[in-house]
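Q: Got a structure for you, questions after.
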Amino acid sequence: MATTNDAALDPKKGAAEAKKSFDLSAVKDFLPLIGFVVILAFFAIATGGSILTPKNITLILSGGYMLMIAACGVWMIMAMGCLDFSQGSMLGVSCAVVCALSQYNLVLAILGGIATGAVIGLINALFHVKGQIQSFVVTMCMMFLLRGVCAFLTTEKPVQAAGYITGFNNMPLLMGITIAVLVITFVITRFTCLGHNLKAIGANEKGARFAGIKVQKTKILVYVAAGCITGFAAFINAVKIGSVTATSGNMLETQLLIAMVLGGMPINGGARARFSNVVIGVASYLVLQKGLVMLGLTTEMQQLALGIIFVCMVALFSDRSSNQVIK
């Protein structure tokens with residue numbers, strides 16, 4: 001068996017191994033897109049083309065605005081190698097604030113939702129960064145706490161939004177808002193130092209600190225920014241539904257995690273994180289979810305199918321390079 005030293009002594013062998021590694025990496029980068037095409041083709045055949053009708057395409061897009069927007073913030077968190085399981089409960093509480101404040105003023109309602117998400121994100125960040133508690137532990141505790149808050153706020157009846165809120169529920173407006181959020185997030189994470197810092201922290205937090213990156217400050221900023229984005233997504237949710245119940249936002253964190261993994265996002269973040277993970281991942285999840293419903297599968301079978309796909313994608317895209325044992 002050839003060793004690393006053998007490759008170093010034999011330039012041709014070393015070049016061959018480097019080329020093979022590059023080819024595999026290049027193929028792996030296109031797997032999420034290939035996966036989306038395969039999922040779409042499978043359900044197009046399985047449903048006799050029904051999933052591609054204008055009506056169903058509209059329904060798929062209609063259910064994806066809030067998910068796509070919230071995924072932007074989650075992508076930034078995951079790029080740092082962190083997790084956030086409080087997104088669903090955060091959206092529920094923020095949406096309750098939006099609905100309540102919409103009775104007074106639209107701008108106040110939007111700002112209130114964003115501020116609520118920002119405060120929750122800041123609390124998550126402080127416990128994780130300053131308290132040195134793992135992100136999944138902090139956010140899981142926050143998830144249960146906020147779910148209780150949401151249940152308390154809706155004990156007697158759902159929190160209703162003002163009647164004019166649902167008047168914004170039209171496809172061109174919501175699609176334009178979603179595209180704008182995607183473009184702004186892409187530009188910020190692609191053409192500023194923030195995007196590079198996120199990936200550096202995800203790849204090697206200690207190394208990023210030695211490289212001069214303010215890791216703690218960056219983490220706090222990202223959690224607050226992600227909270228703001230989810231708070232804005234809560235406004236979109238209010239526009240779509242018009243009220244908040246105790247179950248609002250339930251399982252959103254699971255949907256986001258599955259979507260990110262379907263898009264090829266490594267769970268441990270790092271250099272392989274691409275913003276395309278958001279678009280491809282959410283699109284794949286929406287088609288998969290709609291397709292399973294159209295096939296007439298029960299809720300249990302849908303969860304089973306999603307679970308199997310999720311495990312396979314995690315195994316495929318997890319970066320194990322940092323976990324290798326040196327012998």
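Residues are named by chain letter and number: chains run A, B, ... in the order of the structure tokens, numbers start at 1 in each chain, and ligands are numbered from 1 in the order shown.
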Quick one: residues within 8 Å of Cys150 (chain A), only C-alpha atoms, excluding same-chain residues fewer than 5 positions away - as a PyMOL selection string?
A: chain A and resi 89+92-93+96+245-247
Q: Can you list, as an NGL selection string, every protein, DNA or RNA residue that comes within 9 Å of Leu292 (chain A) when you count only C-alpha atoms, leaving out same-chain residues fewer than 6 positions away?
A: :A and (43 or 298 or 301-302 or 305)
Q: Give me, as a list of chain:residue names, all polymer residues having an atom no more than 9 Å from region 120-130 of chain A, counting only C-alpha atoms and skipping those fewer than 4 positions away in the same chain.
A: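 In the requested form, the answer reads A:Asp84, A:Ser86, A:Met90, A:Ala115, A:Thr116, A:Gln134, A:Ser135, A:Phe136, A:Val137, A:Val138, A:Thr139, A:Met142, A:Gln216, A:Lys217, A:Lys219, A:Ile220, A:Leu221, A:Val222, A:Tyr223, A:Val224, A:Ala225, A:Ala226, A:Gly227, A:Cys228.
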Q: Taking 3 positions as the minimum chain separation for residues in the same chain, which residues sit within 7 Å of Ile69 (chain A) when counting only C-alpha atoms? Answer as a list in words.
A: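 Contacts, in chain order: Tyr65, Met66, Cys72, Thr178, Val181, Ile229 and Ala233 of chain A.
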Q: Using only C-alpha atoms, find each residue of region 262-320 of chain A with at least one atom at most 10 Å away from an atom of region 32-40 of chain A; report its shortest atom-to-atom pair and that distance in Å (one decimal), sort the rows by chain and rising residue number, and return the result as a tab-separated table.
A:
residue	atom	partner	partner_atom	distance
A:Leu262	CA	A:Pro32	CA	6.4
A:Gly263	CA	A:Pro32	CA	5.2
A:Gly264	CA	A:Pro32	CA	5.4
A:Met265	CA	A:Pro32	CA	9.1
A:Ser276	CA	A:Pro32	CA	9.2
A:Asn277	CA	A:Pro32	CA	7.8
A:Val279	CA	A:Leu33	CA	10.0
A:Ile280	CA	A:Leu33	CA	6.5
A:Gly281	CA	A:Pro32	CA	7.5
A:Val282	CA	A:Phe36	CA	9.9
A:Ala283	CA	A:Phe36	CA	7.6
A:Ser284	CA	A:Phe36	CA	5.2
A:Tyr285	CA	A:Phe36	CA	8.8
A:Val287	CA	A:Leu40	CA	6.7
A:Leu288	CA	A:Ile39	CA	6.7
A:Gly291	CA	A:Leu40	CA	8.5
A:Met313	CA	A:Pro32	CA	9.3
A:Phe317	CA	A:Pro32	CA	9.7
Q: Taking 2 positions as the minimum chain separation for residues in the same chain, which residues sit within 10 Å of Met80 (chain A) when counting only C-alpha atoms? Answer as a ChimeraX atom specification.
A: /A:75-78,82-83,195,197-205,215,218-219,222,267-271,273
Q: Would you list, as a PyMOL selection string, the residues of region 31-256 of chain A that end up in strand (DSSP E) under DSSP run on this structure's backbone?
A: chain A and resi 159-160+243-244
